[in-house]
Amino acid sequence: MDAKPSSDRLTLADIRAAHERIRERIHRTPVLTSTTLDQQAGGKLFFKCENLQKGGAFKARGATNAVFLLSDAEAARGVATHSSGNHAAALSRAAKARGIPAYIVMPNNAPQAKRAAVERLGGKIVFCEPTILAREAAAAKIIADTGATLVHPFDDFRVMAGQGTATLELLDQAPDLDIIVAPIGGGGLISATAVAAHGIKPGIRVIGAEPAGADDAYRSFHSGKRIPTVQPNTIADGLRSTTSERTFNEIRSHVDDVVTVSEESIIAAMRSIWEVLKTVVEPSGAVSYGSIVDKKIDVRGKRVGIILSGGNLDLDKLPWMTT
């Protein structure tokens with residue numbers, strides 16, 4: 001296997017190397033546009049559809065990069081993680097492709113669709129209480145028992161480098177962007193988005209969008225110190241994580257702004273994308289566009305890349321359903 005990233009900071013070179021490593025194992029996802037949504041926003045919008053990625057989310061990129069960087073000895077003992085769903089499925093898929101076991105800790109309130117995806121892909125699920133401490137403790141026990149390698153959902157440069165490959169593609173597909181907006185949960189995607197975007201086009205603005213009910217990155221960014229989330233309350237289940245020291249350092253160094261999005265705007269954005277773009281996104285995947293619906297970012301006259309991060313959700317429990 002290839003050498004692991006050697007620096008203590010994420011670099012454009014790491015992201016480019018990740019893309020070479022994984023490009024045959026992932027989709028080059030399409031970029032969609034809409035005159036209707038452009039007119040509503042007052043700018044030109046380019047939607048990078050990671051909801052159409054392998055496994056239905058951008059997480060396939062980071063998990064695949066991490067798994068295929070393992071040495072043969074490491075790989076033989078398998079991989080482990082804790083995740084509400086998309087990273088869990090992505091790691092299960094990558095492990096299956098390499099022929100190794102994947103041990104997955106999931107909170108017991110994870111959406112059924114995401115549980116089913118992990119099971120289909122061969123991940124061995126252990127459920128826990130829906131807290132960060134419970135997730136970490138369960139994962140630590142699995143690692144102690146099996147010798148598996150932890151592949152953290154975001155606090156891992158190998159994973160972050162893989163996530164940044166979405167931006168390499170986006171700036172190839174739509175090279176003249178003024179702004180890129182990406183959602184923030186644990187901070188891996190936004191960190192890698194900013195490193196890739198500024199490495200390729202230094203003048204571009206990179207903005208993170210976060211649910212108002214899980215706004216630790218927003219509060220941390222604007223205070224200058226990391227403030228972990230305690231009780232996130234948002235429909236965007238994939239964004240209930242809190243940033244790590246590693247991701248917060250990258251955010252503080254490379255991201256231009258962080259904004260929050262109301263629950264109402266997340267749902268409105270999700271529905272507009274379904275109705276106008278004819279593509280299925282989950283609440284977490286709609287948060288980046290929700291920041292524009294919520295008028296938190298001035299995009300008038302701008303060319304704006306929007307990362308739709310995932311499309312996995314329970315179709316029997318859509319947020320606009322009343323019964």
# chains A, B, ... in the order shown; residues from 1 in each chain; ligands from 1

$ residues_around --residues "region 105-112 of chain A" --least-positions-apart "3" --cutoff "6 Å" --atoms "only C-alpha atoms" --output "list of chain:residue names"
A:His82, A:Ser83, A:Ser84, A:Arg115, A:Ile125, A:Val126, A:Phe127, A:Cys128, A:Glu129, A:Pro130

$ write_last_selection --atoms "N, CA and C atoms" --output "mmCIF file, in the first residue's frame"
data_model
loop_
_atom_site.group_PDB
_atom_site.id
_atom_site.type_symbol
_atom_site.label_atom_id
_atom_site.label_comp_id
_atom_site.auth_asym_id
_atom_site.auth_seq_id
_atom_site.Cartn_x
_atom_site.Cartn_y
_atom_site.Cartn_z
ATOM 1 N N HIS A 82 -17.075 4.401 14.561
ATOM 2 C CA HIS A 82 -18.410 4.715 15.088
ATOM 3 C C HIS A 82 -19.009 5.775 14.173
ATOM 4 N N SER A 83 -20.272 5.607 13.843
ATOM 5 C CA SER A 83 -20.892 6.480 12.848
ATOM 6 C C SER A 83 -22.395 6.353 12.903
ATOM 7 N N SER A 84 -23.094 7.471 12.630
ATOM 8 C CA SER A 84 -24.557 7.433 12.566
ATOM 9 C C SER A 84 -25.060 6.793 11.291
ATOM 10 N N ARG A 115 -28.906 1.832 8.777
ATOM 11 C CA ARG A 115 -28.591 0.520 9.345
ATOM 12 C C ARG A 115 -28.611 -0.548 8.249
ATOM 13 N N ILE A 125 -22.413 -4.770 12.977
ATOM 14 C CA ILE A 125 -22.911 -3.638 13.760
ATOM 15 C C ILE A 125 -22.983 -3.956 15.252
ATOM 16 N N VAL A 126 -22.534 -2.999 16.064
ATOM 17 C CA VAL A 126 -22.749 -2.988 17.508
ATOM 18 C C VAL A 126 -23.466 -1.680 17.823
ATOM 19 N N PHE A 127 -24.632 -1.760 18.484
ATOM 20 C CA PHE A 127 -25.388 -0.560 18.803
ATOM 21 C C PHE A 127 -24.992 -0.021 20.175
ATOM 22 N N CYS A 128 -25.146 1.299 20.345
ATOM 23 C CA CYS A 128 -24.817 1.943 21.612
ATOM 24 C C CYS A 128 -25.780 3.089 21.853
ATOM 25 N N GLU A 129 -25.678 3.681 23.034
ATOM 26 C CA GLU A 129 -26.484 4.866 23.328
ATOM 27 C C GLU A 129 -26.036 6.019 22.418
ATOM 28 N N PRO A 130 -26.955 6.925 22.083
ATOM 29 C CA PRO A 130 -26.633 7.989 21.120
ATOM 30 C C PRO A 130 -25.879 9.162 21.732
#

$ residues_around --residues "region 59-64 of chain A" --least-positions-apart "6" --cutoff "7 Å" --atoms "only C-alpha atoms" --output "count of residues only"
13

$ closest_residue --among "A:Ala13, A:Ile267, A:Ala148, A:Ile251" --to "Gly185 (chain A)" --atoms "only C-alpha atoms"
A:Ile251

$ select_by_dssp --residues "region 43-286 of chain A" --states "helix (DSSP H, G or I)" --output "ChimeraX atom specification"
/A:50-52,54-56,59-67,72-76,86-98,112-120,132-146,157-163,165-173,188-200,212-214,216-223,237-239,245-254,263-277,283-286

$ write_last_selection --atoms "C-alpha atoms" --output "short mmCIF file (atom, residue, chain, number, x, y, z; two decimals), in the first residue's frame"
data_model
loop_
_atom_site.label_atom_id
_atom_site.label_comp_id
_atom_site.auth_asym_id
_atom_site.auth_seq_id
_atom_site.Cartn_x
_atom_site.Cartn_y
_atom_site.Cartn_z
CA GLU A 50 -22.42 13.49 -3.67
CA ASN A 51 -25.85 12.05 -2.89
CA LEU A 52 -25.19 10.06 -6.08
CA LYS A 54 -21.19 5.11 -4.11
CA GLY A 55 -23.19 4.34 -0.98
CA GLY A 56 -25.15 7.57 -1.35
CA LYS A 59 -18.06 9.40 2.82
CA ALA A 60 -17.12 6.74 0.25
CA ARG A 61 -14.17 8.91 -0.72
CA GLY A 62 -12.51 9.16 2.68
CA ALA A 63 -13.24 5.62 3.79
CA THR A 64 -11.87 4.16 0.56
CA ASN A 65 -8.69 6.22 0.78
CA ALA A 66 -8.10 5.16 4.39
CA VAL A 67 -8.73 1.45 3.79
CA ASP A 72 -1.42 -5.78 4.58
CA ALA A 73 -0.75 -6.55 8.25
CA GLU A 74 -3.07 -3.78 9.41
CA ALA A 75 -5.75 -4.72 6.92
CA ALA A 76 -5.79 -8.35 8.03
CA ASN A 86 -22.98 7.28 6.03
CA HIS A 87 -19.38 6.70 7.14
CA ALA A 88 -20.43 3.34 8.55
CA ALA A 89 -21.74 2.24 5.17
CA ALA A 90 -18.75 3.73 3.35
CA LEU A 91 -16.26 1.91 5.55
CA SER A 92 -18.20 -1.35 5.22
CA ARG A 93 -18.11 -0.97 1.45
CA ALA A 94 -14.38 -0.16 1.33
CA ALA A 95 -13.54 -3.05 3.66
CA LYS A 96 -15.60 -5.43 1.54
CA ALA A 97 -13.69 -4.28 -1.55
CA ARG A 98 -10.41 -5.11 0.17
CA GLN A 112 -33.26 2.41 9.57
CA ALA A 113 -32.15 3.09 5.99
CA LYS A 114 -28.58 3.66 7.18
CA ARG A 115 -28.59 0.52 9.35
CA ALA A 116 -29.80 -1.50 6.37
CA ALA A 117 -27.05 -0.09 4.16
CA VAL A 118 -24.34 -1.21 6.59
CA GLU A 119 -25.84 -4.67 6.84
CA ARG A 120 -26.04 -5.01 3.03
CA ILE A 132 -20.29 10.66 21.69
CA LEU A 133 -18.85 9.05 24.83
CA ALA A 134 -20.86 5.84 24.31
CA ARG A 135 -19.79 5.62 20.67
CA GLU A 136 -16.12 6.11 21.48
CA ALA A 137 -16.20 3.61 24.34
CA ALA A 138 -17.85 0.91 22.23
CA ALA A 139 -15.36 1.44 19.40
CA ALA A 140 -12.42 1.30 21.82
CA LYS A 141 -13.62 -2.05 23.16
CA ILE A 142 -13.91 -3.53 19.66
CA ILE A 143 -10.40 -2.36 18.81
CA ALA A 144 -9.02 -3.84 22.03
CA ASP A 145 -10.76 -7.16 21.33
CA THR A 146 -9.92 -7.49 17.61
CA PHE A 157 -5.97 12.87 7.66
CA ARG A 158 -6.43 9.81 5.42
CA VAL A 159 -10.19 10.26 5.57
CA MET A 160 -10.00 14.02 5.16
CA ALA A 161 -7.77 13.70 2.09
CA GLY A 162 -10.33 11.44 0.46
CA GLN A 163 -13.16 13.87 1.19
CA THR A 165 -11.37 14.84 -3.82
CA ALA A 166 -14.97 16.02 -4.31
CA THR A 167 -13.66 19.58 -4.58
CA LEU A 168 -10.93 18.58 -7.05
CA GLU A 169 -13.69 17.27 -9.30
CA LEU A 170 -16.01 20.22 -8.70
CA LEU A 171 -13.37 22.78 -9.68
CA ASP A 172 -12.62 20.76 -12.80
CA GLN A 173 -16.32 20.61 -13.68
CA GLY A 188 -13.58 16.66 7.83
CA LEU A 189 -15.39 17.60 4.62
CA ILE A 190 -15.24 21.37 5.10
CA SER A 191 -11.56 21.21 6.10
CA ALA A 192 -10.61 19.23 3.00
CA THR A 193 -12.87 21.36 0.79
CA ALA A 194 -11.08 24.49 1.93
CA VAL A 195 -7.58 23.04 1.56
CA ALA A 196 -8.36 21.79 -1.96
CA ALA A 197 -10.19 24.94 -3.07
CA HIS A 198 -7.63 27.43 -1.81
CA GLY A 199 -4.78 25.27 -3.09
CA ILE A 200 -6.23 25.35 -6.60
CA ALA A 212 -28.50 26.02 14.14
CA GLY A 213 -29.32 23.17 16.52
CA ALA A 214 -25.80 21.74 16.26
CA ASP A 216 -20.48 24.04 17.69
CA ALA A 217 -18.35 24.85 14.63
CA TYR A 218 -20.09 28.20 14.22
CA ARG A 219 -19.52 29.13 17.86
CA SER A 220 -15.96 27.82 17.78
CA PHE A 221 -15.06 29.60 14.55
CA HIS A 222 -16.38 32.96 15.72
CA SER A 223 -14.90 32.72 19.22
CA ASP A 237 -28.53 13.45 11.80
CA GLY A 238 -25.26 13.27 9.86
CA LEU A 239 -24.20 16.66 11.27
CA GLU A 245 -8.90 19.64 17.53
CA ARG A 246 -7.53 18.49 14.18
CA THR A 247 -10.51 19.56 12.10
CA PHE A 248 -11.00 22.80 14.03
CA ASN A 249 -7.38 23.76 13.35
CA GLU A 250 -7.95 23.20 9.64
CA ILE A 251 -11.23 25.14 9.73
CA ARG A 252 -9.63 28.06 11.54
CA SER A 253 -6.72 28.11 9.08
CA HIS A 254 -8.55 27.64 5.78
CA GLU A 263 -34.49 23.63 10.62
CA GLU A 264 -37.18 25.22 8.47
CA SER A 265 -34.65 26.21 5.82
CA ILE A 266 -33.03 22.77 5.86
CA ILE A 267 -36.39 21.17 5.11
CA ALA A 268 -37.29 23.80 2.50
CA ALA A 269 -33.93 23.30 0.77
CA MET A 270 -34.30 19.54 0.82
CA ARG A 271 -37.76 19.77 -0.74
CA SER A 272 -36.68 22.28 -3.41
CA ILE A 273 -33.81 20.04 -4.47
CA TRP A 274 -36.20 17.08 -4.74
CA GLU A 275 -38.80 19.05 -6.67
CA VAL A 276 -36.56 21.13 -8.96
CA LEU A 277 -33.36 19.13 -9.43
CA PRO A 283 -31.39 16.73 5.52
CA SER A 284 -27.62 16.80 6.10
CA GLY A 285 -27.10 16.94 2.35
CA ALA A 286 -29.42 19.93 2.00
#

$ closest_residue --among "A:Val230, A:Cys49, A:Val299, A:Ala41" --to "Glu282 (chain A)" --atoms "only C-alpha atoms"
A:Cys49

$ select_by_dssp --residues "region 68-285 of chain A" --states "strand (DSSP E)" --output "ChimeraX atom specification"
/A:79-82,102-107,124-128,149-150,179-183,205-211,257-261

$ closest_residue --among "A:Ala57, A:Ile180, A:Ala18, A:Leu10" --to "Gly311 (chain A)" --atoms "only C-alpha atoms"
A:Ala57

$ residues_around --residues "region 257-261 of chain A" --least-positions-apart "5" --cutoff "8 Å" --atoms "only C-alpha atoms" --output "PyMOL selection string"
chain A and resi 206-212+215+217-218+221+266+287+290-291+294+296-297

$ write_last_selection --atoms "N, CA and C atoms" --output "PDB file, in the first residue's frame"
ATOM      1  N   VAL A 206     -14.546  29.846   0.849  1.00  0.00           N
ATOM      2  CA  VAL A 206     -15.111  28.567   1.288  1.00  0.00           C
ATOM      3  C   VAL A 206     -15.886  28.816   2.570  1.00  0.00           C
ATOM      4  N   ILE A 207     -17.166  28.438   2.550  1.00  0.00           N
ATOM      5  CA  ILE A 207     -18.062  28.730   3.665  1.00  0.00           C
ATOM      6  C   ILE A 207     -18.679  27.427   4.162  1.00  0.00           C
ATOM      7  N   GLY A 208     -18.650  27.242   5.454  1.00  0.00           N
ATOM      8  CA  GLY A 208     -19.262  26.076   6.066  1.00  0.00           C
ATOM      9  C   GLY A 208     -20.675  26.387   6.525  1.00  0.00           C
ATOM     10  N   ALA A 209     -21.586  25.445   6.329  1.00  0.00           N
ATOM     11  CA  ALA A 209     -22.980  25.600   6.746  1.00  0.00           C
ATOM     12  C   ALA A 209     -23.307  24.539   7.788  1.00  0.00           C
ATOM     13  N   GLU A 210     -23.940  24.947   8.863  1.00  0.00           N
ATOM     14  CA  GLU A 210     -24.171  24.073  10.005  1.00  0.00           C
ATOM     15  C   GLU A 210     -25.585  24.274  10.537  1.00  0.00           C
ATOM     16  N   PRO A 211     -26.260  23.210  10.953  1.00  0.00           N
ATOM     17  CA  PRO A 211     -27.582  23.393  11.552  1.00  0.00           C
ATOM     18  C   PRO A 211     -27.510  24.277  12.800  1.00  0.00           C
ATOM     19  N   ALA A 212     -28.485  25.153  12.961  1.00  0.00           N
ATOM     20  CA  ALA A 212     -28.504  26.020  14.143  1.00  0.00           C
ATOM     21  C   ALA A 212     -28.607  25.211  15.426  1.00  0.00           C
ATOM     22  N   ASP A 215     -24.543  23.799  16.482  1.00  0.00           N
ATOM     23  CA  ASP A 215     -23.742  24.916  15.965  1.00  0.00           C
ATOM     24  C   ASP A 215     -22.378  25.057  16.617  1.00  0.00           C
ATOM     25  N   ALA A 217     -19.375  24.292  15.520  1.00  0.00           N
ATOM     26  CA  ALA A 217     -18.346  24.847  14.634  1.00  0.00           C
ATOM     27  C   ALA A 217     -18.543  26.349  14.446  1.00  0.00           C
ATOM     28  N   TYR A 218     -19.787  26.768  14.345  1.00  0.00           N
ATOM     29  CA  TYR A 218     -20.095  28.203  14.218  1.00  0.00           C
ATOM     30  C   TYR A 218     -19.591  28.961  15.449  1.00  0.00           C
ATOM     31  N   PHE A 221     -15.703  28.780  15.577  1.00  0.00           N
ATOM     32  CA  PHE A 221     -15.062  29.604  14.551  1.00  0.00           C
ATOM     33  C   PHE A 221     -15.093  31.082  14.948  1.00  0.00           C
ATOM     34  N   ILE A 266     -33.566  24.077   6.264  1.00  0.00           N
ATOM     35  CA  ILE A 266     -33.029  22.773   5.856  1.00  0.00           C
ATOM     36  C   ILE A 266     -34.110  21.974   5.132  1.00  0.00           C
ATOM     37  N   VAL A 287     -28.178  20.984   3.820  1.00  0.00           N
ATOM     38  CA  VAL A 287     -27.810  22.116   4.678  1.00  0.00           C
ATOM     39  C   VAL A 287     -27.020  23.178   3.921  1.00  0.00           C
ATOM     40  N   GLY A 290     -29.364  25.045   2.077  1.00  0.00           N
ATOM     41  CA  GLY A 290     -30.208  25.708   3.064  1.00  0.00           C
ATOM     42  C   GLY A 290     -29.649  27.040   3.513  1.00  0.00           C
ATOM     43  N   SER A 291     -28.324  27.175   3.527  1.00  0.00           N
ATOM     44  CA  SER A 291     -27.725  28.460   3.926  1.00  0.00           C
ATOM     45  C   SER A 291     -28.070  29.563   2.939  1.00  0.00           C
ATOM     46  N   ASP A 294     -31.825  30.304   3.468  1.00  0.00           N
ATOM     47  CA  ASP A 294     -31.920  31.077   4.712  1.00  0.00           C
ATOM     48  C   ASP A 294     -31.318  32.473   4.576  1.00  0.00           C
ATOM     49  N   LYS A 296     -28.249  33.358   4.452  1.00  0.00           N
ATOM     50  CA  LYS A 296     -27.087  33.566   5.310  1.00  0.00           C
ATOM     51  C   LYS A 296     -25.822  33.880   4.512  1.00  0.00           C
ATOM     52  N   ILE A 297     -25.876  33.629   3.214  1.00  0.00           N
ATOM     53  CA  ILE A 297     -24.734  33.901   2.336  1.00  0.00           C
ATOM     54  C   ILE A 297     -25.224  34.752   1.169  1.00  0.00           C
TER      55      ILE A 297
END

$ closest_residue --among "A:Ile235, A:Leu308, A:Ala174, A:Val79" --to "Trp320 (chain A)" --atoms "only C-alpha atoms"
A:Ile235

$ closest_residue --among "A:Thr149, A:Arg28, A:Phe68, A:Gly187" --to "Arg240 (chain A)" --atoms "only C-alpha atoms"
A:Gly187

$ residues_around --residues "Arg205 (chain A)" --least-positions-apart "3" --cutoff "7 Å" --atoms "only C-alpha atoms" --output "ChimeraX atom specification"
/A:178-180,256

$ write_last_selection --atoms "N, CA and C atoms" --output "tab-separated table (two decimals), in the first residue's frame"
chain	number	residue	atom	x	y	z
A	178	ASP	N	-16.78	31.36	-7.46
A	178	ASP	CA	-16.41	32.40	-6.51
A	178	ASP	C	-16.49	31.90	-5.07
A	179	ILE	N	-17.41	30.96	-4.82
A	179	ILE	CA	-17.69	30.47	-3.48
A	179	ILE	C	-17.95	28.97	-3.56
A	180	ILE	N	-17.52	28.23	-2.54
A	180	ILE	CA	-17.97	26.84	-2.35
A	180	ILE	C	-18.57	26.75	-0.96
A	256	ASP	N	-13.31	30.39	5.28
A	256	ASP	CA	-13.52	31.84	5.30
A	256	ASP	C	-14.66	32.27	6.22
